[in-house]
Amino acid sequence: MSSNTVNVAEPAPIVSVRNVHKTYPGGVEALNNISLDFPEGKLTTLLGPSGCGKTTLLKIIAGLLPASSGDVLVEGKPVTGPGPERAFVFQDFALMPWANILRNVAFGLELRGVSRSERESVAERYIERVGLKGFEKKYPHELSGGMRQRVGLGRALAVNAKVLLMDEPFSAVDEQTRRRFQEEMLELLANERKTFIFVTHSIEEAVYVSDRIVLLHRRPSRVHSIIEPNIARDVDPEKIRRQPEYLDAVESIWQDLKKYLD
Amino acid sequence: MYIAGHRIPLFLSLILWAILWEIMGHTDAKLILPPLSAIAYRIIEIVPTKSFIDALAITGKAFFIGSMISLCVGIPLGVLMGRSKLADDLLLPWVNVFLSAPLSALVPVIMVLAGIGETTIILTVVLFAVWIVMLNARAGVKDITPSLVEMSKSFGASVYQSFVHIYVWAALPEIIAGVRLGLIRAVKGVIIGQMLVSVVGFGTLFDIYLSHFLMEHFWAVVLVIFAFAFAINGVLVWAEKSVRYYAASR
């Protein structure tokens, strides 16, 4: 496994998962002895069939769920709960329907006690960044699913966390919007010096956006392999999907996951 | 309401019943049911009198204080019940019992404890109103999308911040419905309390009017109280509508 080899060129891990077990009350085992490093400034995807515990692992890293045993270290410090260096993007967007877009994006800063004028100017900047300029005073129910997830993304960016945790962020938007999002993810990755931990069940999506892919298997839930697709990203986004490296990576992951289908 | 394909405005049905009442009032039934016109005349006559204004002030005060206590106690307790299994297990049986119990029977007990006076009326109002407020706040909190709670947690919200920024707002449509039902019950409570104590506010007026068989006066006061309850309901229905834009998309 490439993750275990010492490599000088490898960036230092910003998030480390050490021997994490998770058993839900009632005896359902979600994670069995997971150890993983997430290098800084990279996009790492947790990929696997449903029920493999990928969202559980992400929520443990976020500090939203406690691990039954084992540790998560963020910048060397053990995680005991949510922290300002991590921000979460939710599958169902988790926007406050009673608040307008400006307030939704500024919510993380509002909780930190940042003054109104300051947090709103920050929020306006990120609303523009995610392509929603002009929608500041709209409410979530007036926006399409894709636009709502842009709000969720803007909110996570606005708190300027080093690590962005994304739980199947594009699974609730339609296919065209999804592709646009994936392209924008790559731009974001290139422009922001942030670490992304991304959960998806889509092999194509994982290969398209990831620097590295962690394949998780279920029963027992564990790390099966780590793949670094090594795809040239400095080309036209449409060309990426036609690269042999892209197609090979998709195919080999599919061969791996196939045997776990029910 | 439709008659032969034509839409009839709702207030027309009120007018229809008012006409029927007026006609009834001119038959032998007028002993207990005087004509509506006479009652309307009596309302204009009674409302400016000192005894009516005093009764209204006393009633309004007891209603207001009792309602405020019900909301200030009921909403946080309801939210707590929605959040904590322990609180729910402890309180829910009582809420259900008091919600369906004949509460008027308990007013004499309050009278023994709190004396014949304002405190008893206020406690009666609370006794009538608080349970439905609690039950609705509880239901609202129970239905909150879990990811909204996780969201506030992930951005570092304290328990207090989650309560103020997420729980109360997410449960607001149910809470307002609870407040509306609670205030209507509070009107019931304040009138029943006063009638049973019978030396306070409208209770005194009812007592005087009924013992002297002044049916016009009696009905005048009844109609004024009905109008109040109706107005409170109307205001809160409007408040419920104003949060409906997000009630469906939580």
# chains A, B, ... in the order shown; residues from 1 in each chain; ligands from 1
>>> interface_residues(of="chain B", to="chain A", cutoff="12 Å", atoms="only C-alpha atoms", output="mmCIF file with N, CA and C atoms, in the first residue's frame")
data_model
loop_
_atom_site.group_PDB
_atom_site.id
_atom_site.type_symbol
_atom_site.label_atom_id
_atom_site.label_comp_id
_atom_site.auth_asym_id
_atom_site.auth_seq_id
_atom_site.Cartn_x
_atom_site.Cartn_y
_atom_site.Cartn_z
ATOM 1 N N ILE B 144 -37.206 18.030 13.743
ATOM 2 C CA ILE B 144 -36.099 18.771 13.129
ATOM 3 C C ILE B 144 -35.203 17.819 12.333
ATOM 4 N N THR B 145 -34.818 18.252 11.132
ATOM 5 C CA THR B 145 -33.875 17.484 10.327
ATOM 6 C C THR B 145 -32.580 17.326 11.114
ATOM 7 N N PRO B 146 -32.107 16.086 11.309
ATOM 8 C CA PRO B 146 -30.900 15.904 12.128
ATOM 9 C C PRO B 146 -29.701 16.663 11.564
ATOM 10 N N SER B 147 -29.642 16.829 10.240
ATOM 11 C CA SER B 147 -28.453 17.467 9.678
ATOM 12 C C SER B 147 -28.375 18.948 10.050
ATOM 13 N N LEU B 148 -29.523 19.591 10.305
ATOM 14 C CA LEU B 148 -29.481 20.993 10.750
ATOM 15 C C LEU B 148 -28.796 21.100 12.109
ATOM 16 N N VAL B 149 -29.104 20.133 12.979
ATOM 17 C CA VAL B 149 -28.486 20.124 14.303
ATOM 18 C C VAL B 149 -26.992 19.839 14.176
ATOM 19 N N GLU B 150 -26.657 18.859 13.323
ATOM 20 C CA GLU B 150 -25.244 18.542 13.093
ATOM 21 C C GLU B 150 -24.515 19.740 12.504
ATOM 22 N N MET B 151 -25.217 20.448 11.615
ATOM 23 C CA MET B 151 -24.605 21.609 10.975
ATOM 24 C C MET B 151 -24.187 22.633 12.033
ATOM 25 N N SER B 152 -25.120 22.961 12.927
ATOM 26 C CA SER B 152 -24.780 23.987 13.914
ATOM 27 C C SER B 152 -23.656 23.490 14.823
ATOM 28 N N LYS B 153 -23.685 22.194 15.137
ATOM 29 C CA LYS B 153 -22.619 21.622 15.952
ATOM 30 C C LYS B 153 -21.272 21.716 15.235
ATOM 31 N N SER B 154 -21.297 21.378 13.929
ATOM 32 C CA SER B 154 -20.030 21.336 13.200
ATOM 33 C C SER B 154 -19.415 22.725 13.071
ATOM 34 N N PHE B 155 -20.245 23.769 13.138
ATOM 35 C CA PHE B 155 -19.693 25.121 13.095
ATOM 36 C C PHE B 155 -19.460 25.674 14.502
ATOM 37 N N GLY B 156 -19.506 24.783 15.472
ATOM 38 C CA GLY B 156 -19.077 25.150 16.815
ATOM 39 C C GLY B 156 -20.136 25.791 17.687
ATOM 40 N N ALA B 157 -21.432 25.549 17.392
ATOM 41 C CA ALA B 157 -22.479 26.160 18.195
ATOM 42 C C ALA B 157 -22.501 25.568 19.605
ATOM 43 N N SER B 158 -22.687 26.436 20.601
ATOM 44 C CA SER B 158 -22.888 25.960 21.964
ATOM 45 C C SER B 158 -24.326 25.466 22.083
ATOM 46 N N VAL B 159 -24.635 24.836 23.219
ATOM 47 C CA VAL B 159 -26.004 24.346 23.428
ATOM 48 C C VAL B 159 -26.988 25.509 23.330
ATOM 49 N N TYR B 160 -26.620 26.644 23.945
ATOM 50 C CA TYR B 160 -27.502 27.814 23.922
ATOM 51 C C TYR B 160 -27.688 28.322 22.486
ATOM 52 N N GLN B 161 -26.578 28.387 21.738
ATOM 53 C CA GLN B 161 -26.676 28.868 20.351
ATOM 54 C C GLN B 161 -27.541 27.937 19.495
ATOM 55 N N SER B 162 -27.374 26.627 19.669
ATOM 56 C CA SER B 162 -28.217 25.690 18.928
ATOM 57 C C SER B 162 -29.680 25.929 19.248
ATOM 58 N N VAL B 164 -31.170 28.726 20.376
ATOM 59 C CA VAL B 164 -31.681 30.005 19.888
ATOM 60 C C VAL B 164 -31.705 30.081 18.361
ATOM 61 N N HIS B 165 -30.660 29.537 17.718
ATOM 62 C CA HIS B 165 -30.551 29.708 16.264
ATOM 63 C C HIS B 165 -31.184 28.580 15.474
ATOM 64 N N ILE B 166 -31.276 27.394 16.056
ATOM 65 C CA ILE B 166 -31.785 26.253 15.280
ATOM 66 C C ILE B 166 -33.111 25.723 15.828
ATOM 67 N N TYR B 167 -33.108 25.249 17.072
ATOM 68 C CA TYR B 167 -34.297 24.544 17.568
ATOM 69 C C TYR B 167 -35.538 25.407 17.528
ATOM 70 N N VAL B 168 -35.456 26.604 18.091
ATOM 71 C CA VAL B 168 -36.639 27.446 18.177
ATOM 72 C C VAL B 168 -37.167 27.778 16.784
ATOM 73 N N TRP B 169 -36.246 28.087 15.861
ATOM 74 C CA TRP B 169 -36.680 28.464 14.515
ATOM 75 C C TRP B 169 -37.229 27.279 13.741
ATOM 76 N N ALA B 170 -36.534 26.155 13.844
ATOM 77 C CA ALA B 170 -36.981 24.988 13.090
ATOM 78 C C ALA B 170 -38.330 24.502 13.602
ATOM 79 N N ALA B 171 -38.572 24.693 14.898
ATOM 80 C CA ALA B 171 -39.833 24.228 15.466
ATOM 81 C C ALA B 171 -40.886 25.325 15.469
ATOM 82 N N LEU B 172 -40.551 26.501 14.942
ATOM 83 C CA LEU B 172 -41.443 27.656 15.068
ATOM 84 C C LEU B 172 -42.858 27.425 14.509
ATOM 85 N N PRO B 173 -43.009 26.810 13.333
ATOM 86 C CA PRO B 173 -44.373 26.597 12.850
ATOM 87 C C PRO B 173 -45.236 25.812 13.854
ATOM 88 N N SER B 242 -47.263 33.179 8.033
ATOM 89 C CA SER B 242 -46.034 33.887 7.702
ATOM 90 C C SER B 242 -44.791 33.010 7.883
ATOM 91 N N VAL B 243 -44.907 31.883 8.542
ATOM 92 C CA VAL B 243 -43.750 30.982 8.595
ATOM 93 C C VAL B 243 -43.964 29.762 7.697
ATOM 94 N N ARG B 244 -45.107 29.753 6.987
ATOM 95 C CA ARG B 244 -45.398 28.576 6.169
ATOM 96 C C ARG B 244 -44.395 28.432 5.027
ATOM 97 N N TYR B 245 -43.793 29.560 4.603
ATOM 98 C CA TYR B 245 -42.871 29.491 3.461
ATOM 99 C C TYR B 245 -41.731 28.529 3.706
ATOM 100 N N TYR B 246 -41.394 28.318 4.966
ATOM 101 C CA TYR B 246 -40.313 27.349 5.194
ATOM 102 C C TYR B 246 -40.764 26.108 5.935
ATOM 103 N N ALA B 247 -42.016 26.110 6.402
ATOM 104 C CA ALA B 247 -42.473 24.963 7.191
ATOM 105 C C ALA B 247 -42.361 23.668 6.388
ATOM 106 N N ALA B 248 -42.621 23.743 5.082
ATOM 107 C CA ALA B 248 -42.627 22.535 4.274
ATOM 108 C C ALA B 248 -41.233 22.112 3.840
ATOM 109 N N SER B 249 -40.269 23.032 3.930
ATOM 110 C CA SER B 249 -38.951 22.718 3.362
ATOM 111 C C SER B 249 -37.894 22.533 4.436
ATOM 112 N N ARG B 250 -38.330 22.163 5.668
ATOM 113 C CA ARG B 250 -37.309 21.997 6.700
ATOM 114 C C ARG B 250 -36.581 20.670 6.541
#
>>> select_by_dssp(residues="range 24-242 of chain A", states="strand (DSSP E)", output="tab-separated table (two decimals) with N, CA and C atoms, in the first residue's frame")
chain	number	residue	atom	x	y	z
A	29	GLU	N	-21.43	-3.02	13.71
A	29	GLU	CA	-20.06	-2.55	13.56
A	29	GLU	C	-19.93	-1.74	12.27
A	30	ALA	N	-19.62	-0.46	12.41
A	30	ALA	CA	-19.53	0.40	11.23
A	30	ALA	C	-18.09	0.49	10.72
A	31	LEU	N	-17.13	0.54	11.62
A	31	LEU	CA	-15.73	0.65	11.21
A	31	LEU	C	-14.90	-0.32	12.03
A	32	ASN	N	-13.96	-0.98	11.35
A	32	ASN	CA	-13.12	-1.95	12.03
A	32	ASN	C	-11.66	-1.60	11.81
A	33	ASN	N	-11.06	-1.01	12.82
A	33	ASN	CA	-9.62	-0.74	12.81
A	33	ASN	C	-9.15	0.00	11.56
A	34	ILE	N	-9.60	1.23	11.42
A	34	ILE	CA	-9.22	2.05	10.28
A	34	ILE	C	-8.03	2.93	10.66
A	35	SER	N	-6.99	2.88	9.86
A	35	SER	CA	-5.87	3.81	10.02
A	35	SER	C	-5.59	4.45	8.67
A	36	LEU	N	-5.54	5.77	8.66
A	36	LEU	CA	-5.40	6.49	7.39
A	36	LEU	C	-4.71	7.82	7.63
A	37	ASP	N	-3.96	8.27	6.63
A	37	ASP	CA	-3.40	9.62	6.68
A	37	ASP	C	-3.99	10.43	5.54
A	38	PHE	N	-4.28	11.69	5.83
A	38	PHE	CA	-4.79	12.57	4.78
A	38	PHE	C	-3.77	13.69	4.56
A	39	PRO	N	-3.08	13.68	3.41
A	39	PRO	CA	-2.04	14.67	3.18
A	39	PRO	C	-2.61	16.08	3.00
A	43	LEU	N	-6.92	16.37	-2.25
A	43	LEU	CA	-8.29	15.90	-2.14
A	43	LEU	C	-8.27	14.38	-2.03
A	44	THR	N	-8.68	13.89	-0.88
A	44	THR	CA	-8.75	12.45	-0.67
A	44	THR	C	-10.21	12.03	-0.64
A	45	THR	N	-10.52	10.99	-1.39
A	45	THR	CA	-11.90	10.53	-1.44
A	45	THR	C	-12.04	9.22	-0.68
A	46	LEU	N	-13.10	9.13	0.10
A	46	LEU	CA	-13.48	7.85	0.70
A	46	LEU	C	-14.54	7.26	-0.20
A	47	LEU	N	-14.23	6.13	-0.79
A	47	LEU	CA	-15.13	5.53	-1.77
A	47	LEU	C	-15.46	4.12	-1.33
A	69	SER	N	-13.25	3.41	19.69
A	69	SER	CA	-11.86	3.41	20.17
A	69	SER	C	-10.99	3.94	19.05
A	70	GLY	N	-9.75	4.27	19.38
A	70	GLY	CA	-8.85	4.86	18.39
A	70	GLY	C	-8.91	6.38	18.42
A	71	ASP	N	-8.03	7.01	17.65
A	71	ASP	CA	-7.92	8.47	17.69
A	71	ASP	C	-8.00	9.06	16.29
A	72	VAL	N	-8.44	10.30	16.24
A	72	VAL	CA	-8.28	11.11	15.03
A	72	VAL	C	-7.44	12.31	15.44
A	73	LEU	N	-6.36	12.55	14.70
A	73	LEU	CA	-5.51	13.71	14.98
A	73	LEU	C	-5.65	14.70	13.84
A	74	VAL	N	-5.90	15.96	14.20
A	74	VAL	CA	-5.89	17.02	13.19
A	74	VAL	C	-4.76	17.97	13.57
A	77	LYS	N	-3.26	17.25	16.91
A	77	LYS	CA	-4.06	17.31	18.14
A	77	LYS	C	-5.26	16.37	18.03
A	78	PRO	N	-5.52	15.58	19.09
A	78	PRO	CA	-6.65	14.65	19.02
A	78	PRO	C	-8.00	15.39	18.94
A	86	ARG	N	-11.87	22.63	10.81
A	86	ARG	CA	-12.63	21.73	9.93
A	86	ARG	C	-14.00	22.33	9.62
A	87	ALA	N	-14.45	22.19	8.38
A	87	ALA	CA	-15.80	22.63	8.02
A	87	ALA	C	-16.47	21.51	7.23
A	88	PHE	N	-17.78	21.39	7.40
A	88	PHE	CA	-18.52	20.25	6.85
A	88	PHE	C	-19.50	20.72	5.78
A	89	VAL	N	-19.55	19.96	4.68
A	89	VAL	CA	-20.55	20.22	3.64
A	89	VAL	C	-21.50	19.02	3.65
A	163	VAL	N	-9.46	22.25	6.57
A	163	VAL	CA	-9.93	20.96	6.07
A	163	VAL	C	-11.42	21.06	5.76
A	164	LEU	N	-11.77	20.72	4.53
A	164	LEU	CA	-13.19	20.69	4.16
A	164	LEU	C	-13.65	19.25	4.08
A	165	LEU	N	-14.69	18.93	4.84
A	165	LEU	CA	-15.22	17.58	4.86
A	165	LEU	C	-16.52	17.58	4.08
A	166	MET	N	-16.58	16.78	3.02
A	166	MET	CA	-17.75	16.83	2.15
A	166	MET	C	-18.41	15.46	2.08
A	167	ASP	N	-19.65	15.42	2.55
A	167	ASP	CA	-20.38	14.14	2.62
A	167	ASP	C	-21.31	14.03	1.41
A	195	THR	N	-7.33	21.29	2.37
A	195	THR	CA	-7.38	19.84	2.28
A	195	THR	C	-8.83	19.43	2.18
A	196	PHE	N	-9.14	18.58	1.23
A	196	PHE	CA	-10.52	18.13	1.07
A	196	PHE	C	-10.60	16.65	1.41
A	197	ILE	N	-11.59	16.31	2.20
A	197	ILE	CA	-11.91	14.89	2.40
A	197	ILE	C	-13.33	14.72	1.89
A	198	PHE	N	-13.47	13.85	0.94
A	198	PHE	CA	-14.65	13.81	0.10
A	198	PHE	C	-15.23	12.41	0.18
A	199	VAL	N	-16.53	12.32	0.40
A	199	VAL	CA	-17.17	11.00	0.43
A	199	VAL	C	-18.07	10.88	-0.78
A	200	THR	N	-17.98	9.78	-1.47
A	200	THR	CA	-18.89	9.56	-2.59
A	200	THR	C	-19.08	8.07	-2.81
A	212	ARG	N	-6.17	11.24	-4.30
A	212	ARG	CA	-6.06	9.84	-3.88
A	212	ARG	C	-7.42	9.33	-3.45
A	213	ILE	N	-7.59	8.04	-3.66
A	213	ILE	CA	-8.87	7.43	-3.37
A	213	ILE	C	-8.66	6.31	-2.36
A	214	VAL	N	-9.41	6.37	-1.27
A	214	VAL	CA	-9.35	5.30	-0.28
A	214	VAL	C	-10.56	4.40	-0.52
A	215	LEU	N	-10.29	3.17	-0.90
A	215	LEU	CA	-11.38	2.23	-1.14
A	215	LEU	C	-11.72	1.52	0.15
A	216	LEU	N	-12.96	1.65	0.58
A	216	LEU	CA	-13.39	0.97	1.80
A	216	LEU	C	-14.28	-0.20	1.43
A	217	HIS	N	-14.11	-1.28	2.17
A	217	HIS	CA	-14.99	-2.43	1.99
A	217	HIS	C	-15.84	-2.62	3.22
A	222	ARG	N	-13.26	-1.98	6.36
A	222	ARG	CA	-11.84	-1.71	6.52
A	222	ARG	C	-11.31	-1.08	5.23
A	223	VAL	N	-10.05	-0.59	5.31
A	223	VAL	CA	-9.44	0.01	4.12
A	223	VAL	C	-8.99	-1.12	3.21
A	224	HIS	N	-9.48	-1.15	1.98
A	224	HIS	CA	-9.09	-2.20	1.04
A	224	HIS	C	-7.82	-1.80	0.30
A	225	SER	N	-7.81	-0.59	-0.25
A	225	SER	CA	-6.60	-0.15	-0.94
A	225	SER	C	-6.65	1.36	-1.10
A	226	ILE	N	-5.50	1.93	-1.43
A	226	ILE	CA	-5.43	3.37	-1.69
A	226	ILE	C	-4.90	3.56	-3.09
A	227	ILE	N	-5.63	4.32	-3.88
A	227	ILE	CA	-5.28	4.50	-5.28
A	227	ILE	C	-4.97	5.96	-5.52
>>> residues_around(residues="Leu214 in chain B", least_positions_apart="3", cutoff="12 Å", atoms="only C-alpha atoms", output="JSON, numbers by chain")
{"B": [30, 31, 32, 33, 34, 38, 39, 42, 205, 206, 207, 208, 209, 210, 211, 217, 218, 219, 220, 221]}
>>> write_last_selection(atoms="C-alpha atoms", output="PDB file, in the first residue's frame")
ATOM      1  CA  LYS B  30     -86.527  35.751  23.739  1.00  0.00           C
ATOM      2  CA  LEU B  31     -86.590  35.018  27.466  1.00  0.00           C
ATOM      3  CA  ILE B  32     -83.214  33.317  27.151  1.00  0.00           C
ATOM      4  CA  LEU B  33     -82.249  34.426  23.658  1.00  0.00           C
ATOM      5  CA  PRO B  34     -83.026  38.116  23.116  1.00  0.00           C
ATOM      6  CA  ALA B  38     -81.049  44.331  21.261  1.00  0.00           C
ATOM      7  CA  ILE B  39     -77.794  42.634  22.300  1.00  0.00           C
ATOM      8  CA  ARG B  42     -76.576  46.511  24.892  1.00  0.00           C
ATOM      9  CA  LEU B 205     -70.748  40.486  35.837  1.00  0.00           C
ATOM     10  CA  PHE B 206     -72.079  37.061  34.818  1.00  0.00           C
ATOM     11  CA  ASP B 207     -73.151  36.477  38.394  1.00  0.00           C
ATOM     12  CA  ILE B 208     -75.044  39.769  38.590  1.00  0.00           C
ATOM     13  CA  TYR B 209     -76.625  39.468  35.135  1.00  0.00           C
ATOM     14  CA  LEU B 210     -77.739  35.887  35.526  1.00  0.00           C
ATOM     15  CA  SER B 211     -79.114  36.321  39.034  1.00  0.00           C
ATOM     16  CA  HIS B 217     -76.466  42.040  29.236  1.00  0.00           C
ATOM     17  CA  PHE B 218     -75.295  38.473  29.639  1.00  0.00           C
ATOM     18  CA  TRP B 219     -75.213  37.834  25.896  1.00  0.00           C
ATOM     19  CA  ALA B 220     -73.504  41.155  25.251  1.00  0.00           C
ATOM     20  CA  VAL B 221     -70.576  40.153  27.463  1.00  0.00           C
TER      21      VAL B 221
END
>>> select_by_dssp(residues="range 16-219 of chain A", states="helix (DSSP H, G or I)", output="PyMOL selection string")
chain A and resi 54-62+101-111+116-129+140-142+145-158+175-191+203-209
>>> atom_distance(atom1="CA of Arg180 in chain A", atom2="CA of Gly146 in chain A")
9.6 Å
>>> atom_distance(atom1="CA of Arg185 in chain B", atom2="CA of Phe213 in chain B")
27.8 Å
>>> residues_around(residues="Phe135 in chain A", least_positions_apart="4", cutoff="9 Å", atoms="only C-alpha atoms", output="PyMOL selection string")
chain A and resi 100-102+127+139+143
>>> atom_distance(atom1="CA of Gly48 in chain A", atom2="CA of Asn160 in chain A")
28.7 Å
>>> closest_residue(among="B:Leu103, B:Ala87, B:Val179, B:Ile110", to="Ala137 in chain B", atoms="only C-alpha atoms")
B:Val179
>>> closest_residue(among="A:Pro66, A:Pro169, A:Glu75, A:Leu57", to="Ala12 in chain A", atoms="only C-alpha atoms")
A:Glu75
>>> closest_residue(among="B:Arg83, B:Lys61, B:Arg180, B:Arg7", to="Leu236 in chain B", atoms="only C-alpha atoms")
B:Arg180
>>> closest_residue(among="B:Trp238, B:Trp131, B:Trp94, B:Trp17", to="Gly178 in chain B", atoms="only C-alpha atoms")
B:Trp131
>>> residues_around(residues="Val28 in chain A", least_positions_apart="5", cutoff="12 Å", atoms="only C-alpha atoms", output="number ranges by chain")
A: 21-23, 51-53, 68, 218-221
>>> write_last_selection(atoms="N, CA and C atoms", output="short mmCIF file (atom, residue, chain, number, x, y, z; two decimals), in the first residue's frame")
data_model
loop_
_atom_site.label_atom_id
_atom_site.label_comp_id
_atom_site.auth_asym_id
_atom_site.auth_seq_id
_atom_site.Cartn_x
_atom_site.Cartn_y
_atom_site.Cartn_z
N HIS A 21 -12.17 2.34 15.62
CA HIS A 21 -13.29 1.40 15.60
C HIS A 21 -14.56 2.19 15.85
N LYS A 22 -15.62 1.76 15.23
CA LYS A 22 -16.92 2.35 15.60
C LYS A 22 -17.97 1.25 15.61
N THR A 23 -18.57 1.08 16.77
CA THR A 23 -19.69 0.16 16.89
C THR A 23 -20.87 0.97 17.37
N GLY A 51 -23.04 1.41 3.14
CA GLY A 51 -22.89 0.55 4.30
C GLY A 51 -21.44 0.24 4.64
N CYS A 52 -20.49 0.88 3.93
CA CYS A 52 -19.09 0.59 4.23
C CYS A 52 -18.56 1.51 5.33
N GLY A 53 -19.36 2.44 5.78
CA GLY A 53 -18.96 3.28 6.90
C GLY A 53 -18.22 4.55 6.49
N SER A 68 -15.57 4.61 18.83
CA SER A 68 -15.64 3.68 19.97
C SER A 68 -14.27 3.46 20.55
N ARG A 218 -16.89 -3.39 3.06
CA ARG A 218 -17.76 -3.59 4.23
C ARG A 218 -17.73 -5.05 4.67
N ARG A 219 -18.18 -5.22 5.90
CA ARG A 219 -18.31 -6.53 6.55
C ARG A 219 -17.04 -7.36 6.42
N PRO A 220 -16.02 -7.16 7.17
CA PRO A 220 -15.89 -6.03 8.09
C PRO A 220 -15.42 -4.80 7.34
N SER A 221 -15.83 -3.63 7.85
CA SER A 221 -15.49 -2.39 7.18
C SER A 221 -14.03 -2.05 7.44
#
>>> closest_residue(among="A:Arg129, A:Lys259, A:Arg18, A:Lys54", to="Leu153 in chain A", atoms="only C-alpha atoms")
A:Arg129
